[in-house]
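**Student:** For reference, this is my_file.cif, and it has mmCIF, C-alpha atoms.
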```cif
data_model
#
loop_
_atom_site.label_atom_id
_atom_site.label_comp_id
_atom_site.auth_asym_id
_atom_site.auth_seq_id
_atom_site.Cartn_x
_atom_site.Cartn_y
_atom_site.Cartn_z
CA MET A 1 -85.11 11.29 10.43
CA ALA A 2 -85.00 11.51 6.63
CA ASN A 3 -82.23 14.07 6.93
CA LYS A 4 -80.31 11.87 9.25
CA LEU A 5 -80.65 8.93 6.90
CA SER A 6 -79.46 10.90 3.87
CA GLY A 7 -76.55 12.17 6.00
CA VAL A 8 -75.54 8.61 6.76
CA LEU A 9 -75.91 7.66 3.11
CA ILE A 10 -73.73 10.58 1.97
CA CYS A 11 -71.19 9.64 4.56
CA ARG A 12 -71.16 6.03 3.35
CA ALA A 13 -70.67 7.29 -0.20
CA CYS A 14 -67.72 9.39 0.96
CA GLN A 15 -66.20 6.38 2.67
CA GLY A 16 -66.73 4.36 -0.47
CA ILE A 17 -64.92 6.92 -2.62
CA ALA A 18 -62.08 7.22 -0.13
CA LEU A 19 -61.81 3.46 0.06
CA SER A 20 -61.77 3.13 -3.74
CA ALA A 21 -59.06 5.78 -3.98
CA LEU A 22 -57.00 3.95 -1.36
CA THR A 23 -57.53 0.63 -3.09
CA LEU A 24 -56.43 2.20 -6.36
CA LEU A 25 -53.27 3.55 -4.74
CA LEU A 26 -52.50 0.22 -3.14
CA THR A 27 -53.15 -1.80 -6.27
CA THR A 28 -50.76 0.40 -8.24
CA GLY A 29 -48.01 -0.50 -5.77
CA VAL A 30 -48.99 -4.14 -5.72
CA ALA A 31 -49.18 -4.26 -9.52
CA GLN A 32 -45.56 -3.09 -9.73
CA ALA A 33 -44.45 -5.52 -7.08
CA GLN A 34 -46.32 -8.35 -8.75
CA SER A 35 -44.55 -7.66 -12.03
CA LEU A 36 -41.25 -8.49 -10.33
CA GLU A 37 -40.56 -12.05 -9.36
CA VAL A 38 -37.50 -13.38 -7.58
CA THR A 39 -36.72 -17.09 -7.64
CA ASN A 40 -33.82 -19.30 -6.59
CA ALA A 41 -32.65 -16.87 -3.88
CA ARG A 42 -29.64 -18.32 -2.06
CA LEU A 43 -27.20 -16.78 0.41
CA SER A 44 -23.82 -18.48 0.30
CA LEU A 45 -22.59 -18.31 3.89
CA LEU A 46 -18.95 -18.48 4.95
CA PRO A 47 -17.62 -18.91 8.47
CA GLY A 48 -16.82 -16.08 10.86
CA ASN A 49 -17.07 -12.55 9.57
CA THR A 50 -16.15 -13.56 6.03
CA PRO A 51 -18.60 -11.92 3.61
CA GLY A 52 -21.34 -13.98 2.03
CA ALA A 53 -22.74 -13.87 -1.50
CA GLY A 54 -26.36 -13.61 -2.64
CA TYR A 55 -27.61 -15.21 -5.83
CA PHE A 56 -31.10 -15.07 -7.36
CA ASP A 57 -33.06 -14.72 -10.59
CA LEU A 58 -35.17 -11.62 -11.09
CA GLN A 59 -37.91 -11.51 -13.72
CA ASN A 60 -39.51 -8.22 -14.72
CA SER A 61 -42.90 -9.14 -16.21
CA GLY A 62 -44.09 -5.52 -16.19
CA ASP A 63 -44.07 -3.15 -19.13
CA GLU A 64 -41.62 -0.69 -17.62
CA THR A 65 -37.90 -0.85 -17.00
CA VAL A 66 -37.02 -1.17 -13.31
CA THR A 67 -33.66 -0.27 -11.78
CA LEU A 68 -32.29 -2.34 -8.93
CA VAL A 69 -30.19 -0.02 -6.77
CA GLY A 70 -29.24 -2.19 -3.82
CA ALA A 71 -30.40 -4.41 -1.01
CA GLU A 72 -30.67 -4.46 2.77
CA SER A 73 -30.89 -7.23 5.31
CA PRO A 74 -31.36 -7.11 9.07
CA ALA A 75 -28.88 -9.98 9.27
CA PHE A 76 -25.97 -7.91 7.89
CA GLU A 77 -24.61 -4.41 8.43
CA HIS A 78 -24.05 -3.79 4.72
CA VAL A 79 -25.20 -5.32 1.48
CA GLU A 80 -23.44 -4.31 -1.74
CA MET A 81 -24.02 -5.22 -5.37
CA HIS A 82 -20.96 -6.59 -7.10
CA VAL A 83 -19.92 -8.15 -10.36
CA SER A 84 -17.07 -10.62 -10.83
CA SER A 85 -15.21 -10.90 -14.09
CA GLU A 86 -12.20 -12.68 -15.47
CA HIS A 87 -9.67 -11.05 -17.77
CA ASN A 88 -6.30 -12.45 -18.87
CA GLY A 89 -6.29 -15.02 -16.10
CA MET A 90 -7.10 -12.47 -13.39
CA ALA A 91 -10.28 -12.55 -11.32
CA HIS A 92 -11.68 -9.08 -10.69
CA MET A 93 -14.63 -7.85 -8.67
CA HIS A 94 -16.13 -4.40 -8.51
CA ALA A 95 -19.12 -2.74 -6.89
CA ILE A 96 -22.01 -1.57 -9.06
CA GLU A 97 -24.51 1.15 -8.16
CA SER A 98 -27.47 -0.05 -10.18
CA ILE A 99 -28.66 -2.49 -12.78
CA GLU A 100 -31.59 -2.00 -15.16
CA ILE A 101 -34.04 -4.76 -15.98
CA GLY A 102 -36.12 -4.02 -19.05
CA PRO A 103 -39.75 -5.09 -19.59
CA GLY A 104 -39.95 -8.87 -19.97
CA GLU A 105 -36.27 -9.17 -19.06
CA ARG A 106 -34.76 -11.61 -16.60
CA ILE A 107 -31.42 -11.16 -14.88
CA GLU A 108 -29.43 -13.76 -13.02
CA PHE A 109 -27.27 -13.04 -10.04
CA ALA A 110 -25.11 -16.16 -10.27
CA PRO A 111 -21.68 -17.48 -9.23
CA LYS A 112 -18.78 -15.68 -10.97
CA GLY A 113 -21.08 -12.93 -12.22
CA HIS A 114 -23.42 -10.47 -10.53
CA HIS A 115 -23.93 -11.10 -6.84
CA LEU A 116 -24.93 -9.41 -3.62
CA MET A 117 -22.11 -9.14 -1.11
CA PHE A 118 -23.29 -9.49 2.50
CA LEU A 119 -20.90 -7.79 4.93
CA ARG A 120 -20.55 -8.03 8.70
CA ARG A 121 -23.12 -10.33 10.16
CA ALA A 122 -25.50 -8.57 12.53
CA ALA A 123 -27.42 -11.70 13.52
CA PRO A 124 -26.33 -15.31 13.91
CA LEU A 125 -26.97 -17.35 10.78
CA SER A 126 -26.25 -20.90 9.81
CA GLU A 127 -26.85 -23.16 6.86
CA GLY A 128 -30.49 -24.15 6.53
CA ASP A 129 -31.72 -20.82 7.95
CA LYS A 130 -33.74 -18.27 6.01
CA ALA A 131 -32.47 -14.71 5.66
CA ASP A 132 -34.77 -11.74 5.03
CA VAL A 133 -33.49 -9.40 2.34
CA GLU A 134 -35.16 -6.39 0.72
CA LEU A 135 -34.24 -5.54 -2.84
CA LYS A 136 -34.36 -1.77 -3.38
CA PHE A 137 -35.42 -0.16 -6.64
CA SER A 138 -34.91 3.39 -7.92
CA ASP A 139 -38.63 4.23 -7.59
CA GLU A 140 -38.45 3.63 -3.81
CA GLN A 141 -40.13 0.28 -4.30
CA ARG A 142 -38.84 -2.47 -2.05
CA LEU A 143 -39.23 -6.13 -2.74
CA PRO A 144 -38.93 -8.48 0.26
CA VAL A 145 -37.21 -11.75 -0.60
CA THR A 146 -36.41 -14.73 1.61
CA PHE A 147 -32.99 -16.20 0.88
CA ASP A 148 -32.10 -19.80 1.71
CA VAL A 149 -28.83 -19.84 3.65
CA VAL A 150 -26.56 -22.41 2.01
CA SER A 151 -22.94 -23.55 1.94
CA PRO A 152 -20.88 -22.42 -1.09
CA ALA A 153 -20.25 -26.13 -1.62
CA SER A 154 -23.93 -26.56 -2.57
CA LEU A 155 -23.79 -24.07 -5.45
CA MET B 156 -8.68 -53.12 -44.23
CA TYR B 157 -7.84 -49.46 -44.65
CA LYS B 158 -10.53 -48.58 -42.13
CA LEU B 159 -9.14 -51.10 -39.67
CA LEU B 160 -5.66 -49.69 -40.06
CA LEU B 161 -6.96 -46.18 -39.52
CA ALA B 162 -8.87 -47.26 -36.43
CA GLY B 163 -5.78 -49.00 -35.11
CA LEU B 164 -3.63 -45.95 -35.77
CA THR B 165 -6.16 -43.65 -34.08
CA THR B 166 -6.30 -45.90 -31.02
CA PHE B 167 -2.52 -45.95 -30.89
CA LEU B 168 -2.30 -42.17 -31.16
CA LEU B 169 -4.99 -41.60 -28.54
CA ALA B 170 -3.39 -44.06 -26.16
CA GLY B 171 -0.06 -42.34 -26.72
CA CYS B 172 -1.58 -38.94 -26.03
CA SER B 173 -3.39 -39.94 -22.88
CA ASP B 174 -0.13 -41.04 -21.31
CA GLN B 175 1.58 -37.79 -22.10
CA SER B 176 -0.58 -34.73 -21.84
CA TRP B 177 -3.16 -33.14 -19.62
CA ARG B 178 -6.53 -31.99 -20.90
CA THR B 179 -6.01 -28.63 -19.20
CA THR B 180 -2.84 -26.54 -19.75
CA ASP B 181 0.39 -28.53 -19.33
CA ILE B 182 2.92 -26.49 -17.34
CA GLY B 183 5.42 -29.28 -16.72
CA ASP B 184 8.16 -27.56 -18.70
CA ILE B 185 7.44 -23.96 -17.89
CA MET B 186 6.70 -23.72 -14.17
CA PRO B 187 9.09 -24.40 -11.30
CA ALA B 188 8.53 -27.03 -8.61
CA LEU B 189 6.41 -26.31 -5.52
CA ASP B 190 8.52 -24.16 -3.25
CA PHE B 191 7.76 -21.40 -0.76
CA SER B 192 8.30 -20.24 2.77
CA LEU B 193 5.00 -19.31 4.44
CA THR B 194 2.90 -19.64 7.62
CA ASP B 195 0.15 -22.26 7.75
CA GLU B 196 -3.31 -21.91 9.31
CA GLU B 197 -2.01 -23.27 12.62
CA GLY B 198 0.54 -20.45 12.73
CA GLU B 199 3.45 -22.81 11.96
CA ARG B 200 6.24 -21.90 9.57
CA VAL B 201 6.09 -24.18 6.52
CA GLN B 202 8.08 -24.83 3.34
CA GLY B 203 6.90 -26.12 -0.03
CA GLU B 204 8.69 -29.42 0.52
CA ASP B 205 6.51 -30.08 3.60
CA TYR B 206 3.63 -30.74 1.18
CA ARG B 207 5.38 -33.37 -0.94
CA GLY B 208 3.99 -36.89 -0.83
CA LYS B 209 0.53 -35.90 -2.08
CA ALA B 210 -0.77 -34.37 -5.28
CA THR B 211 -1.16 -30.66 -4.55
CA LEU B 212 -3.53 -28.07 -6.01
CA VAL B 213 -2.64 -24.44 -5.34
CA TYR B 214 -5.03 -21.49 -5.57
CA PHE B 215 -4.19 -17.86 -4.83
CA GLY B 216 -7.07 -15.85 -3.37
CA TYR B 217 -8.38 -14.04 -0.28
CA THR B 218 -11.13 -14.75 2.20
CA PHE B 219 -12.86 -11.36 1.78
CA CYS B 220 -13.83 -12.57 -1.71
CA PRO B 221 -17.46 -13.80 -1.44
CA ASP B 222 -17.94 -15.14 -4.95
CA VAL B 223 -15.06 -16.39 -7.11
CA CYS B 224 -12.82 -17.83 -4.34
CA PRO B 225 -15.46 -19.88 -2.47
CA ILE B 226 -17.00 -21.07 -5.74
CA THR B 227 -13.60 -22.19 -7.06
CA LEU B 228 -12.73 -23.95 -3.79
CA ALA B 229 -16.20 -25.51 -3.54
CA ARG B 230 -15.85 -26.96 -7.04
CA LEU B 231 -12.44 -28.39 -6.19
CA GLY B 232 -14.05 -29.82 -3.06
CA ASP B 233 -16.77 -31.45 -5.18
CA THR B 234 -14.17 -33.00 -7.46
CA ILE B 235 -12.25 -34.33 -4.46
CA ARG B 236 -15.38 -35.74 -2.80
CA ASN B 237 -16.13 -37.66 -6.00
CA LEU B 238 -12.80 -39.52 -5.74
CA ASP B 239 -12.65 -42.89 -4.04
CA ASP B 240 -11.36 -42.87 -0.44
CA GLU B 241 -7.85 -43.97 -1.28
CA THR B 242 -7.37 -41.43 -4.06
CA ARG B 243 -8.85 -38.69 -1.87
CA ASP B 244 -6.13 -39.32 0.70
CA ASN B 245 -3.54 -38.52 -1.97
CA ILE B 246 -4.58 -34.96 -2.67
CA GLN B 247 -4.47 -31.63 -0.84
CA VAL B 248 -5.42 -28.07 -1.74
CA LEU B 249 -3.31 -25.10 -0.65
CA PHE B 250 -5.17 -21.78 -0.51
CA ILE B 251 -2.43 -19.14 -0.53
CA SER B 252 -3.73 -15.75 0.60
CA VAL B 253 -2.69 -12.67 -1.35
CA ASP B 254 -4.25 -10.54 1.41
CA PRO B 255 -2.13 -11.35 4.48
CA SER B 256 -3.21 -8.28 6.49
CA ARG B 257 -6.78 -9.60 6.75
CA ASP B 258 -6.05 -13.31 6.33
CA THR B 259 -4.49 -14.34 9.61
CA PRO B 260 -3.95 -18.05 10.31
CA GLU B 261 -7.14 -18.10 12.46
CA VAL B 262 -9.28 -16.56 9.70
CA LEU B 263 -7.82 -18.97 7.14
CA LYS B 264 -8.38 -22.02 9.30
CA ARG B 265 -12.06 -21.25 9.82
CA TYR B 266 -12.40 -20.52 6.11
CA THR B 267 -10.72 -23.64 4.71
CA ASP B 268 -12.55 -25.90 7.18
CA ALA B 269 -15.75 -24.98 5.34
CA PHE B 270 -14.47 -26.72 2.21
CA GLY B 271 -13.08 -29.97 3.58
CA PRO B 272 -10.16 -31.55 5.43
CA GLU B 273 -8.00 -31.50 2.27
CA PHE B 274 -7.88 -27.68 2.29
CA VAL B 275 -5.02 -25.82 3.97
CA GLY B 276 -4.73 -22.04 4.20
CA LEU B 277 -1.33 -20.37 3.93
CA THR B 278 -0.36 -16.77 4.60
CA GLY B 279 2.84 -14.87 5.33
CA GLU B 280 4.69 -11.60 5.15
CA GLN B 281 3.97 -9.59 2.00
CA ALA B 282 7.51 -10.30 0.73
CA GLU B 283 6.95 -14.04 1.20
CA ILE B 284 3.65 -13.89 -0.71
CA ASP B 285 5.39 -11.88 -3.45
CA ALA B 286 8.13 -14.49 -3.69
CA VAL B 287 5.50 -17.18 -4.42
CA THR B 288 3.42 -15.12 -6.85
CA ASN B 289 6.58 -14.06 -8.72
CA ARG B 290 7.75 -17.66 -8.87
CA TYR B 291 4.51 -18.71 -10.60
CA ARG B 292 4.35 -15.49 -12.67
CA ILE B 293 1.00 -14.33 -11.40
CA ALA B 294 -0.13 -10.91 -10.25
CA TYR B 295 -2.46 -9.52 -7.64
CA ASP B 296 -3.64 -5.99 -7.07
CA TYR B 297 -5.40 -4.18 -4.20
CA GLY B 298 -8.39 -1.93 -4.94
CA GLU B 299 -9.04 1.32 -3.09
CA GLU B 300 -10.58 1.23 0.38
CA ASN B 301 -14.24 2.28 0.53
CA GLU B 302 -15.80 4.34 3.34
CA ASN B 303 -16.03 1.22 5.54
CA GLY B 304 -12.34 0.47 5.13
CA ASP B 305 -13.08 -2.52 2.88
CA TYR B 306 -11.09 -3.20 -0.25
CA LEU B 307 -11.21 -5.80 -3.00
CA VAL B 308 -8.27 -7.70 -4.47
CA SER B 309 -7.78 -8.79 -8.07
CA HIS B 310 -5.98 -12.11 -8.21
CA SER B 311 -5.12 -15.04 -10.45
CA SER B 312 -8.10 -17.22 -11.29
CA ALA B 313 -6.02 -20.30 -12.12
CA VAL B 314 -5.48 -23.48 -10.12
CA PHE B 315 -1.92 -24.86 -10.27
CA ALA B 316 -1.39 -28.61 -9.96
CA PHE B 317 1.76 -30.35 -8.73
CA ASP B 318 2.54 -34.05 -8.46
CA ARG B 319 3.66 -35.84 -5.29
CA GLU B 320 7.26 -34.84 -5.89
CA GLY B 321 6.19 -31.21 -6.14
CA GLN B 322 6.80 -31.01 -9.89
CA ALA B 323 4.48 -28.65 -11.80
CA GLN B 324 1.97 -30.55 -13.94
CA PHE B 325 -1.01 -28.56 -15.17
CA LEU B 326 -2.93 -25.34 -14.80
CA VAL B 327 -6.74 -25.15 -14.68
CA ARG B 328 -8.14 -21.92 -16.08
CA ASP B 329 -11.69 -20.59 -15.83
CA SER B 330 -12.15 -21.37 -19.53
CA HIS B 331 -11.41 -25.08 -19.16
CA PRO B 332 -14.46 -27.36 -19.10
CA VAL B 333 -15.15 -28.65 -15.58
CA SER B 334 -15.02 -32.23 -16.94
CA ASP B 335 -11.42 -31.69 -18.17
CA ALA B 336 -10.34 -30.27 -14.82
CA GLU B 337 -12.00 -33.18 -13.00
CA ALA B 338 -10.35 -35.77 -15.26
CA ASP B 339 -6.89 -34.24 -14.79
CA ILE B 340 -7.25 -33.89 -11.02
CA LYS B 341 -8.45 -37.48 -10.75
CA ARG B 342 -5.54 -38.73 -12.86
CA LEU B 343 -3.02 -36.67 -10.89
CA ALA B 344 -4.32 -37.95 -7.54
CA SER B 345 -4.35 -41.54 -8.84
CA GLN B 346 -0.71 -41.50 -9.97
CA ASP B 347 1.52 -43.87 -8.05
CA GLY B 348 3.93 -42.20 -5.71
#
```
Mind turning this structure into structure tokens?

**Tutor:**
Amino acid sequence: MANKLSGVLICRACQGIALSALTLLLTTGVAQAQSLEVTNARLSLLPGNTPGAGYFDLQNSGDETVTLVGAESPAFEHVEMHVSSEHNGMAHMHAIESIEIGPGERIEFAPKGHHLMFLRRAAPLSEGDKADVELKFSDEQRLPVTFDVVSPASL
Amino acid sequence: MYKLLLAGLTTFLLAGCSDQSWRTTDIGDIMPALDFSLTDEEGERVQGEDYRGKATLVYFGYTFCPDVCPITLARLGDTIRNLDDETRDNIQVLFISVDPSRDTPEVLKRYTDAFGPEFVGLTGEQAEIDAVTNRYRIAYDYGEENENGDYLVSHSSAVFAFDREGQAQFLVRDSHPVSDAEADIKRLASQDG
């Protein structure tokens, strides 16, 4: 009986340790995710299969640099990161592979600058809908963000 | 007395200026009248002279452009919506595609409808597009295709403005304050035909 009881106790202790370890692992992930905050996420939708643009603000409140390397959305076949620029009266756009956000830094994906380019709609979307997007970081971290689907006229 | 004279002179000069020049870049003497031979979004052949009778804003872009083109058109749309009804009837925006292989009349029609009834999409053969871009001394350039067959196009960021007779008036650049562009567009659309 006493043996049995101590066995149960030991077992409980094991569970406790395992649980603590798991909690620790989880909190590390959550801590990173919590240090990143996305606000003002909007998806500018155009008719037909015309690509859309994604705009948002991303704040890194953590103490480590994070690298945004792309995004995915079930509503589109491809999502690319682009930057628009103007030089000598010409509007240019090019794809970028990654963008670093330093500790305490905030970046804006905004009209005529950095933006996500949403290509080939995979699901029907219309203004007023919400679109699920995951921002992907170089450390395999993924940050789910809900974008408001809007008309470019509202930006 | 001196102050009064100075104030009077300033008023006179300002009044004189406001009758003459645009706040954005005046192109009256350096750009030719509105003229082209293209295909409209209904698939009809059209000439520049078909658009006389209204103030006309012209922007060169492409529909595969998710950022700069829709933002530019949306801001023009905002400016137009802020005009009173009568003035709004006196203005139109021509979106001339520099990417005719993707921008068919059907694609353009769906695209311009998103910005308002004043917007008309125009496309054409490459040589026809080149004739228009050469006429207004602007360039465009195709980027390389990526693995999905997509390509980007560099294009002029300016908006050209013509009066009801199709005479070139002013050019709005990215660097111009929005308030200057709005004031010029409003004045152009309010001019008596």

**Student:** So how far away is atom CA of Ala336 of chain B from atom CA of Asp181 of chain B, in Å?

**Tutor:**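 For atom CA of Asp181 of chain B relative to atom CA of Ala336 of chain B, the distance reads 11.8 Å.
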
**Student:** Just give me the gap between atom CA of Phe270 of chain B and atom CA of Asp132 of chain A in Å, one decimal is fine.

**Tutor:**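 Going from atom CA of Phe270 of chain B over to atom CA of Asp132 of chain A, I get 25.4 Å.
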
**Student:** List the neighbours of Leu189 of chain B out to 7 Å using only C-alpha atoms; skip same-chain residues closer than 2 positions along the sequence, and give me the result as an MDAnalysis selection string.

**Tutor:** chainID B and resid 187 191 203 317 321:323

**Student:** Can those selected residues be exported to a file as a compact mmCIF listing (two decimals), keeping the file's coordinate frame so that it contains C-alpha atoms?

**Tutor:**
```txt
# COMPACT_ATOMS: atom_id res chain seq x y z
CA PRO B 187 9.09 -24.40 -11.30
CA PHE B 191 7.76 -21.40 -0.76
CA GLY B 203 6.90 -26.12 -0.03
CA PHE B 317 1.76 -30.35 -8.73
CA GLY B 321 6.19 -31.21 -6.14
CA GLN B 322 6.80 -31.01 -9.89
CA ALA B 323 4.48 -28.65 -11.80
```

**Student:** Might you spell out which residues the PyMOL selection byres ((chain A) within 6 of (chain B)) would select in the displayed file, as a list in words?

**Tutor:**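 Expected selection for the PyMOL selection byres ((chain A) within 6 of (chain B)) here is Pro47, Thr50, Pro51, Gly52, Ala53, Gly89, Met90, Ala91, His92, Lys112 and Ala153 of chain A.
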
**Student:** For the file shown, report as a tab-separated table (two decimals) with C-alpha atoms, keeping the file's coordinate frame the outcome of the PyMOL selection byres ((chain B and resi 325-327) around 6) at residue level.

**Tutor:**
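Result file result32.tsv:
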```
chain	number	residue	atom	x	y	z
B	179	THR	CA	-6.01	-28.63	-19.20
B	180	THR	CA	-2.84	-26.54	-19.75
B	181	ASP	CA	0.39	-28.53	-19.33
B	182	ILE	CA	2.92	-26.49	-17.34
B	313	ALA	CA	-6.02	-20.30	-12.12
B	314	VAL	CA	-5.48	-23.48	-10.12
B	315	PHE	CA	-1.92	-24.86	-10.27
B	316	ALA	CA	-1.39	-28.61	-9.96
B	324	GLN	CA	1.97	-30.55	-13.94
B	328	ARG	CA	-8.14	-21.92	-16.08
```

**Student:** One decimal, in Å: what's the spacing between atom CA of Leu119 of chain A and atom CA of Ala131 of chain A?

**Tutor:**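 Interatomic distance, atom CA of Leu119 of chain A to atom CA of Ala131 of chain A: 13.5 Å.
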
**Student:** Measuring atom to atom with only C-alpha atoms, identify which of A:Ser73, A:Ser84, A:Ser98, A:Asn49 is nearest to Leu143 of chain A.

**Tutor:**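 Nearest candidate to Leu143 of chain A out of A:Ser73, A:Ser84, A:Ser98, A:Asn49: A:Ser73.
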